[in-house]
$ cat protein34.pdb   # PDB, C-alpha atoms and all ligand atoms
ATOM      1  CA  MET A 821      11.768  11.505  11.864  1.00  0.00           C
ATOM      2  CA  GLN A 822      14.845  13.041  10.235  1.00  0.00           C
ATOM      3  CA  ILE A 823      14.637  15.659   7.506  1.00  0.00           C
ATOM      4  CA  PRO A 824      17.757  16.744   5.621  1.00  0.00           C
ATOM      5  CA  ILE A 825      18.451  20.294   4.425  1.00  0.00           C
ATOM      6  CA  LEU A 826      20.296  20.379   1.131  1.00  0.00           C
ATOM      7  CA  GLY A 827      21.745  23.568  -0.348  1.00  0.00           C
ATOM      8  CA  LEU A 828      21.520  23.971  -4.122  1.00  0.00           C
ATOM      9  CA  GLY A 829      24.195  26.012  -5.872  1.00  0.00           C
ATOM     10  CA  ASP A 830      26.236  28.754  -4.187  1.00  0.00           C
ATOM     11  CA  ILE A 831      24.831  28.555  -0.710  1.00  0.00           C
ATOM     12  CA  PRO A 832      27.168  28.826   2.291  1.00  0.00           C
ATOM     13  CA  VAL A 833      27.102  25.794   4.605  1.00  0.00           C
ATOM     14  CA  ASP A 834      26.756  28.309   7.485  1.00  0.00           C
ATOM     15  CA  VAL A 835      23.309  29.229   6.187  1.00  0.00           C
ATOM     16  CA  LEU A 836      22.233  25.574   6.285  1.00  0.00           C
ATOM     17  CA  LYS A 837      23.640  25.165   9.807  1.00  0.00           C
ATOM     18  CA  LYS A 838      21.795  28.247  10.982  1.00  0.00           C
ATOM     19  CA  LEU A 839      18.532  26.947   9.507  1.00  0.00           C
ATOM     20  CA  GLU A 840      19.174  23.587  11.154  1.00  0.00           C
ATOM     21  CA  ASP A 841      19.508  25.282  14.554  1.00  0.00           C
ATOM     22  CA  MET A 842      16.480  27.506  13.999  1.00  0.00           C
ATOM     23  CA  LEU A 843      14.170  24.701  12.891  1.00  0.00           C
ATOM     24  CA  ASN A 844      15.273  22.205  15.519  1.00  0.00           C
ATOM     25  CA  GLY A 845      13.952  24.583  18.150  1.00  0.00           C
ATOM     26  CA  GLU A 846      10.492  24.386  16.541  1.00  0.00           C
ATOM     27  CA  PHE A 847       9.550  20.720  16.348  1.00  0.00           C
ATOM     28  CA  SER A 848       9.949  18.000  18.935  1.00  0.00           C
ATOM     29  CA  LYS A 849       9.183  15.079  16.591  1.00  0.00           C
ATOM     30  CA  ILE A 850      11.397  16.045  13.693  1.00  0.00           C
ATOM     31  CA  ARG A 851      15.165  16.285  13.619  1.00  0.00           C
ATOM     32  CA  ILE A 852      16.455  18.558  10.888  1.00  0.00           C
ATOM     33  CA  TYR A 853      20.065  18.223   9.770  1.00  0.00           C
ATOM     34  CA  ALA A 854      22.236  20.044   7.245  1.00  0.00           C
ATOM     35  CA  LYS A 855      23.175  17.449   4.638  1.00  0.00           C
ATOM     36  CA  GLY A 856      25.445  19.450   2.351  1.00  0.00           C
ATOM     37  CA  VAL A 857      25.447  21.370  -0.907  1.00  0.00           C
ATOM     38  CA  ARG A 858      24.805  20.185  -4.439  1.00  0.00           C
ATOM     39  CA  GLU A 859      24.698  21.832  -7.820  1.00  0.00           C
ATOM     40  CA  ILE A 860      21.351  23.219  -8.868  1.00  0.00           C
ATOM     41  CA  PRO A 861      20.018  21.251 -11.868  1.00  0.00           C
ATOM     42  CA  GLU A 862      21.072  23.570 -14.698  1.00  0.00           C
ATOM     43  CA  ASP A 863      18.439  22.280 -17.110  1.00  0.00           C
ATOM     44  CA  THR A 864      15.816  23.941 -14.900  1.00  0.00           C
ATOM     45  CA  PHE A 865      17.246  27.397 -15.707  1.00  0.00           C
ATOM     46  CA  ASN A 866      15.059  29.533 -17.947  1.00  0.00           C
ATOM     47  CA  SER A 867      17.383  32.026 -19.652  1.00  0.00           C
ATOM     48  CA  PHE A 868      14.491  34.175 -20.955  1.00  0.00           C
ATOM     49  CA  ARG A 869      13.278  34.747 -17.417  1.00  0.00           C
ATOM     50  CA  ASP A 870      16.684  34.526 -15.719  1.00  0.00           C
ATOM     51  CA  GLN A 871      15.034  32.245 -13.162  1.00  0.00           C
ATOM     52  CA  TYR A 872      14.927  28.563 -12.263  1.00  0.00           C
ATOM     53  CA  MET A 873      11.731  26.570 -12.597  1.00  0.00           C
ATOM     54  CA  ALA A 874      10.682  25.239  -9.199  1.00  0.00           C
ATOM     55  CA  GLU A 875       8.747  22.230 -10.550  1.00  0.00           C
ATOM     56  CA  GLY A 876      11.785  21.119 -12.549  1.00  0.00           C
ATOM     57  CA  ILE A 877      14.036  21.281  -9.491  1.00  0.00           C
ATOM     58  CA  MET A 878      11.501  19.401  -7.369  1.00  0.00           C
ATOM     59  CA  ASP A 879      11.127  16.673  -9.992  1.00  0.00           C
ATOM     60  CA  GLU A 880      14.825  15.896  -9.574  1.00  0.00           C
ATOM     61  CA  PHE A 881      14.341  15.249  -5.857  1.00  0.00           C
ATOM     62  CA  HIS A 882      10.821  13.861  -5.999  1.00  0.00           C
ATOM     63  CA  LYS A 883      11.829  10.266  -5.229  1.00  0.00           C
ATOM     64  CA  GLU A 884      13.875  11.176  -2.146  1.00  0.00           C
ATOM     65  CA  GLY A 885      10.832  11.986   0.006  1.00  0.00           C
ATOM     66  CA  ILE A 886      10.559  14.922   2.383  1.00  0.00           C
ATOM     67  CA  GLN A 887      13.638  17.110   2.397  1.00  0.00           C
ATOM     68  CA  ILE A 888      14.334  20.831   2.469  1.00  0.00           C
ATOM     69  CA  LEU A 889      16.070  22.351  -0.546  1.00  0.00           C
ATOM     70  CA  VAL A 890      17.487  25.870  -0.196  1.00  0.00           C
ATOM     71  CA  THR A 891      18.744  28.047  -3.026  1.00  0.00           C
ATOM     72  CA  GLU A 892      19.797  31.660  -3.438  1.00  0.00           C
ATOM     73  CA  GLU A 893      18.544  31.617  -7.032  1.00  0.00           C
ATOM     74  CA  ASP A 894      15.277  33.236  -8.087  1.00  0.00           C
ATOM     75  CA  ILE A 895      12.563  30.629  -8.720  1.00  0.00           C
ATOM     76  CA  TYR A 896       9.155  30.606 -10.417  1.00  0.00           C
ATOM     77  CA  THR A 897       6.339  28.167 -10.991  1.00  0.00           C
ATOM     78  CA  LYS A 898       3.850  27.756 -13.833  1.00  0.00           C
ATOM     79  CA  GLY A 899       1.509  30.734 -13.619  1.00  0.00           C
ATOM     80  CA  LYS A 900       3.516  32.717 -11.045  1.00  0.00           C
ATOM     81  CA  ASN A 901       6.193  35.321 -11.739  1.00  0.00           C
ATOM     82  CA  TYR A 902       8.153  34.201  -8.714  1.00  0.00           C
ATOM     83  CA  VAL A 903       7.708  32.219  -5.525  1.00  0.00           C
ATOM     84  CA  PHE A 904       9.471  32.210  -2.167  1.00  0.00           C
ATOM     85  CA  GLY A 905       8.926  28.487  -1.877  1.00  0.00           C
ATOM     86  CA  GLU A 906       7.138  25.475  -3.278  1.00  0.00           C
ATOM     87  CA  ALA A 907       6.408  22.056  -1.847  1.00  0.00           C
ATOM     88  CA  GLU A 908       5.140  18.644  -2.770  1.00  0.00           C
ATOM     89  CA  TYR A 909       3.066  16.395  -0.521  1.00  0.00           C
ATOM     90  CA  ARG A 910       5.527  13.877   0.972  1.00  0.00           C
ATOM     91  CA  GLY A 911       8.139  15.298  -1.357  1.00  0.00           C
ATOM     92  CA  PRO A 912      10.640  18.140  -1.319  1.00  0.00           C
ATOM     93  CA  ALA A 913      10.149  21.632   0.115  1.00  0.00           C
ATOM     94  CA  LEU A 914      12.052  24.160  -1.961  1.00  0.00           C
ATOM     95  CA  VAL A 915      12.791  27.673  -0.705  1.00  0.00           C
ATOM     96  CA  SER A 916      14.608  30.586  -2.298  1.00  0.00           C
ATOM     97  CA  THR A 917      16.380  33.284  -0.283  1.00  0.00           C
ATOM     98  CA  HIS A 918      16.454  35.522  -3.366  1.00  0.00           C
ATOM     99  CA  ARG A 919      13.398  37.719  -2.769  1.00  0.00           C
ATOM    100  CA  LEU A 920      13.359  37.241   1.001  1.00  0.00           C
ATOM    101  CA  ASP A 921      16.656  39.110   1.250  1.00  0.00           C
ATOM    102  CA  PRO A 922      16.096  42.810   2.094  1.00  0.00           C
ATOM    103  CA  THR A 923      18.958  43.740  -0.275  1.00  0.00           C
ATOM    104  CA  PHE A 924      16.773  42.551  -3.169  1.00  0.00           C
ATOM    105  CA  TYR A 925      14.532  45.558  -2.399  1.00  0.00           C
ATOM    106  CA  ASP A 926      17.546  47.904  -2.082  1.00  0.00           C
ATOM    107  CA  LYS A 927      17.288  47.802   1.689  1.00  0.00           C
ATOM    108  CA  GLU A 928      20.238  47.375   4.006  1.00  0.00           C
ATOM    109  CA  ARG A 929      21.608  43.926   4.754  1.00  0.00           C
ATOM    110  CA  ASN A 930      19.616  42.380   7.594  1.00  0.00           C
ATOM    111  CA  GLU A 931      20.443  38.754   8.353  1.00  0.00           C
ATOM    112  CA  ASP A 932      17.967  38.555  11.217  1.00  0.00           C
ATOM    113  CA  LEU A 933      15.090  39.638   9.011  1.00  0.00           C
ATOM    114  CA  LEU A 934      16.180  37.333   6.199  1.00  0.00           C
ATOM    115  CA  PHE A 935      16.289  34.306   8.521  1.00  0.00           C
ATOM    116  CA  LYS A 936      13.002  35.238  10.164  1.00  0.00           C
ATOM    117  CA  ARG A 937      11.381  35.234   6.724  1.00  0.00           C
ATOM    118  CA  LEU A 938      13.150  32.042   5.679  1.00  0.00           C
ATOM    119  CA  LYS A 939      11.939  30.266   8.778  1.00  0.00           C
ATOM    120  CA  LYS A 940       8.302  31.206   8.089  1.00  0.00           C
ATOM    121  CA  VAL A 941       8.508  30.141   4.455  1.00  0.00           C
ATOM    122  CA  LEU A 942      10.248  26.885   5.409  1.00  0.00           C
ATOM    123  CA  ILE A 943       7.662  25.982   8.035  1.00  0.00           C
ATOM    124  CA  HIS A 944       4.888  26.860   5.567  1.00  0.00           C
ATOM    125  CA  GLU A 945       6.354  24.591   2.893  1.00  0.00           C
ATOM    126  CA  LEU A 946       6.989  21.791   5.397  1.00  0.00           C
ATOM    127  CA  GLY A 947       3.320  22.110   6.359  1.00  0.00           C
ATOM    128  CA  HIS A 948       2.424  21.372   2.719  1.00  0.00           C
ATOM    129  CA  CYS A 949       4.807  18.372   2.730  1.00  0.00           C
ATOM    130  CA  PHE A 950       2.705  16.920   5.546  1.00  0.00           C
ATOM    131  CA  GLY A 951      -0.634  17.738   3.892  1.00  0.00           C
ATOM    132  CA  LEU A 952      -1.630  21.115   5.317  1.00  0.00           C
ATOM    133  CA  ASP A 953      -3.321  23.507   2.893  1.00  0.00           C
ATOM    134  CA  GLU A 954      -3.150  27.276   2.529  1.00  0.00           C
ATOM    135  CA  CYS A 955      -4.940  28.879   5.494  1.00  0.00           C
ATOM    136  CA  ASP A 956      -7.327  31.870   5.444  1.00  0.00           C
ATOM    137  CA  ASP A 957      -6.063  33.237   8.752  1.00  0.00           C
ATOM    138  CA  PRO A 958      -3.722  36.098   7.762  1.00  0.00           C
ATOM    139  CA  LEU A 959      -1.557  35.561  10.859  1.00  0.00           C
ATOM    140  CA  CYS A 960      -1.158  31.793  10.393  1.00  0.00           C
ATOM    141  CA  VAL A 961       2.154  30.531   9.051  1.00  0.00           C
ATOM    142  CA  MET A 962       0.112  28.537   6.468  1.00  0.00           C
ATOM    143  CA  HIS A 963      -1.380  31.751   5.035  1.00  0.00           C
ATOM    144  CA  TYR A 964      -0.359  32.289   1.401  1.00  0.00           C
ATOM    145  CA  THR A 965       2.195  35.083   1.114  1.00  0.00           C
ATOM    146  CA  GLY A 966       3.142  36.585  -2.218  1.00  0.00           C
ATOM    147  CA  SER A 967       5.174  39.547  -0.971  1.00  0.00           C
ATOM    148  CA  ALA A 968       7.972  40.032   1.547  1.00  0.00           C
ATOM    149  CA  LYS A 969       5.690  42.379   3.475  1.00  0.00           C
ATOM    150  CA  SER A 970       2.985  39.754   3.818  1.00  0.00           C
ATOM    151  CA  VAL A 971       5.605  37.275   5.058  1.00  0.00           C
ATOM    152  CA  ASP A 972       6.567  39.859   7.701  1.00  0.00           C
ATOM    153  CA  ASP A 973       2.917  40.419   8.600  1.00  0.00           C
ATOM    154  CA  LYS A 974       2.186  36.793   9.453  1.00  0.00           C
ATOM    155  CA  GLU A 975       3.440  34.899  12.463  1.00  0.00           C
ATOM    156  CA  CYS A 976       5.706  31.905  12.676  1.00  0.00           C
ATOM    157  CA  GLU A 977       2.933  29.836  14.296  1.00  0.00           C
ATOM    158  CA  PHE A 978       0.111  27.590  13.152  1.00  0.00           C
ATOM    159  CA  CYS A 979      -3.369  28.972  13.919  1.00  0.00           C
ATOM    160  CA  ASN A 980      -5.830  26.989  16.046  1.00  0.00           C
ATOM    161  CA  ASP A 981      -7.510  25.344  13.041  1.00  0.00           C
ATOM    162  CA  CYS A 982      -4.169  24.207  11.642  1.00  0.00           C
ATOM    163  CA  GLN A 983      -3.090  22.974  15.071  1.00  0.00           C
ATOM    164  CA  VAL A 984      -6.272  20.916  15.352  1.00  0.00           C
ATOM    165  CA  LYS A 985      -5.508  19.326  11.988  1.00  0.00           C
ATOM    166  CA  ILE A 986      -1.904  18.656  13.076  1.00  0.00           C
ATOM    167  CA  SER A 987      -3.024  16.880  16.239  1.00  0.00           C
ATOM    168  CA  THR A 988      -6.022  14.976  14.810  1.00  0.00           C
ATOM    169  CA  GLU A 989      -3.961  13.696  11.907  1.00  0.00           C
ATOM    170  CA  GLY A 990      -0.939  13.074  14.118  1.00  0.00           C
ATOM    171  CA  LEU A 991       1.373  15.178  11.964  1.00  0.00           C
ATOM    172  CA  PRO A 992       4.877  15.594  13.431  1.00  0.00           C
ATOM    173  CA  LEU A 993       4.643  19.396  13.353  1.00  0.00           C
ATOM    174  CA  GLY A 994       4.093  19.944  17.055  1.00  0.00           C
TER     175      GLY A 994
HETATM  176 ZN    ZN A1001       1.538  27.491   0.354  1.00  0.00          ZN
HETATM  177 ZN    ZN A1002      -3.892  28.149   9.862  1.00  0.00          ZN
END

$ encode --input "protein34.pdb" --output "structure tokens"
Amino acid sequence: MQIPILGLGDIPVDVLKKLEDMLNGEFSKIRIYAKGVREIPEDTFNSFRDQYMAEGIMDEFHKEGIQILVTEEDIYTKGKNYVFGEAEYRGPALVSTHRLDPTFYDKERNEDLLFKRLKKVLIHELGHCFGLDECDDPLCVMHYTGSAKSVDDKECEFCNDCQVKISTEGLPLG
């Protein structure tokens, strides 16, 4: 199975390539490839909040099946002030680097940390694309994380329960 990564807006192609390399080391049944960069749908921008609405962006790509969308813009969903990512079952997985970047919290630039976080959020959202739910295990990559610290606190791995679901349902996340 092939899954494209598409950048939305001002995202360097290098970032997509790096994610491609990082994710391809994770899964044996999925091939991830950087597809290119497209404009972010401007009608999803909420000027009162200075953020883009995740559901609106995902609607645009809904018909294209599972793909990874990456943006540097700040995103929110109905009922949440911000999200790191959002996903649709058998649809797109959208992730934002905005609040995963240490510089957002006035910390020093740290690419390694940023990509470590991005990888966890991406794998989490891909899990949702294949039907996995939020997981109670605080170390599991499917655990809900609402802060950068809680992303750092969890691991990049599926817990045993999630792994059982992956293998019994034959999901290509192994
Ligand atoms: Zn989730
Ligand atoms: Zn789990």

$ residues_around --input "protein34.pdb" --residues "His918 (chain A)" --least-positions-apart "6" --cutoff "6 Å" --atoms "all atoms listed in the file" --output "PDB file with C-alpha atoms, in the frame of the given file"
ATOM      1  CA  GLU A 892      19.797  31.660  -3.438  1.00  0.00           C
ATOM      2  CA  GLU A 893      18.544  31.617  -7.032  1.00  0.00           C
ATOM      3  CA  ASP A 894      15.277  33.236  -8.087  1.00  0.00           C
TER       4      ASP A 894
END

$ resolve_selection --input "protein34.pdb" --expression "the PyMOL selection byres (((chain A and resi 903-907) around 9) and not hetatm)" --output "PyMOL selection string"
chain A and resi 874-875+878+894-897+900-902+908-920+938+941-942+944-949+965-968

$ residues_around --input "protein34.pdb" --residues "region 835-844 of chain A" --least-positions-apart "3" --cutoff "9 Å" --atoms "all atoms listed in the file" --output "NGL selection string"
:A and (824-827 or 831-832 or 847-848 or 850-857 or 890 or 935 or 938-939 or 942-943)

$ write_last_selection --input "protein34.pdb" --atoms "C-alpha atoms" --output "mmCIF file, keeping the file's coordinate frame"
data_model
loop_
_atom_site.group_PDB
_atom_site.id
_atom_site.type_symbol
_atom_site.label_atom_id
_atom_site.label_comp_id
_atom_site.auth_asym_id
_atom_site.auth_seq_id
_atom_site.Cartn_x
_atom_site.Cartn_y
_atom_site.Cartn_z
ATOM 1 C CA PRO A 824 17.757 16.744 5.621
ATOM 2 C CA ILE A 825 18.451 20.294 4.425
ATOM 3 C CA LEU A 826 20.296 20.379 1.131
ATOM 4 C CA GLY A 827 21.745 23.568 -0.348
ATOM 5 C CA ILE A 831 24.831 28.555 -0.710
ATOM 6 C CA PRO A 832 27.168 28.826 2.291
ATOM 7 C CA PHE A 847 9.550 20.720 16.348
ATOM 8 C CA SER A 848 9.949 18.000 18.935
ATOM 9 C CA ILE A 850 11.397 16.045 13.693
ATOM 10 C CA ARG A 851 15.165 16.285 13.619
ATOM 11 C CA ILE A 852 16.455 18.558 10.888
ATOM 12 C CA TYR A 853 20.065 18.223 9.770
ATOM 13 C CA ALA A 854 22.236 20.044 7.245
ATOM 14 C CA LYS A 855 23.175 17.449 4.638
ATOM 15 C CA GLY A 856 25.445 19.450 2.351
ATOM 16 C CA VAL A 857 25.447 21.370 -0.907
ATOM 17 C CA VAL A 890 17.487 25.870 -0.196
ATOM 18 C CA PHE A 935 16.289 34.306 8.521
ATOM 19 C CA LEU A 938 13.150 32.042 5.679
ATOM 20 C CA LYS A 939 11.939 30.266 8.778
ATOM 21 C CA LEU A 942 10.248 26.885 5.409
ATOM 22 C CA ILE A 943 7.662 25.982 8.035
#

$ closest_residue --input "protein34.pdb" --among "A:Ile823, A:Met873, A:Ile888, A:Leu952" --to "Lys849 (chain A)" --atoms "all atoms listed in the file"
A:Ile823

$ resolve_selection --input "protein34.pdb" --expression "the PyMOL selection byres (((not hetatm)) within 10 of (chain A and resi 1002))" --output "MDAnalysis selection string"
chainID A and resid 944 952:963 977:985

$ atom_distance --input "protein34.pdb" --atom1 "CA of Val833 (chain A)" --atom2 "CA of Glu859 (chain A)"
13.3 Å

$ residues_around --input "protein34.pdb" --residues "Pro922 (chain A)" --least-positions-apart "4" --cutoff "9 Å" --atoms "only C-alpha atoms" --output "ChimeraX atom specification"
/A:926-931,933-934,968

$ write_last_selection --input "protein34.pdb" --atoms "C-alpha atoms" --output "compact mmCIF listing (two decimals), in the frame of the given file"
# COMPACT_ATOMS: atom_id res chain seq x y z
CA ASP A 926 17.55 47.90 -2.08
CA LYS A 927 17.29 47.80 1.69
CA GLU A 928 20.24 47.38 4.01
CA ARG A 929 21.61 43.93 4.75
CA ASN A 930 19.62 42.38 7.59
CA GLU A 931 20.44 38.75 8.35
CA LEU A 933 15.09 39.64 9.01
CA LEU A 934 16.18 37.33 6.20
CA ALA A 968 7.97 40.03 1.55

$ residues_around --input "protein34.pdb" --residues "Asp863 (chain A)" --least-positions-apart "3" --cutoff "9 Å" --atoms "all atoms listed in the file" --output "list in words"
Ile860, Asn866, Tyr872, Gly876 and Ile877 of chain A
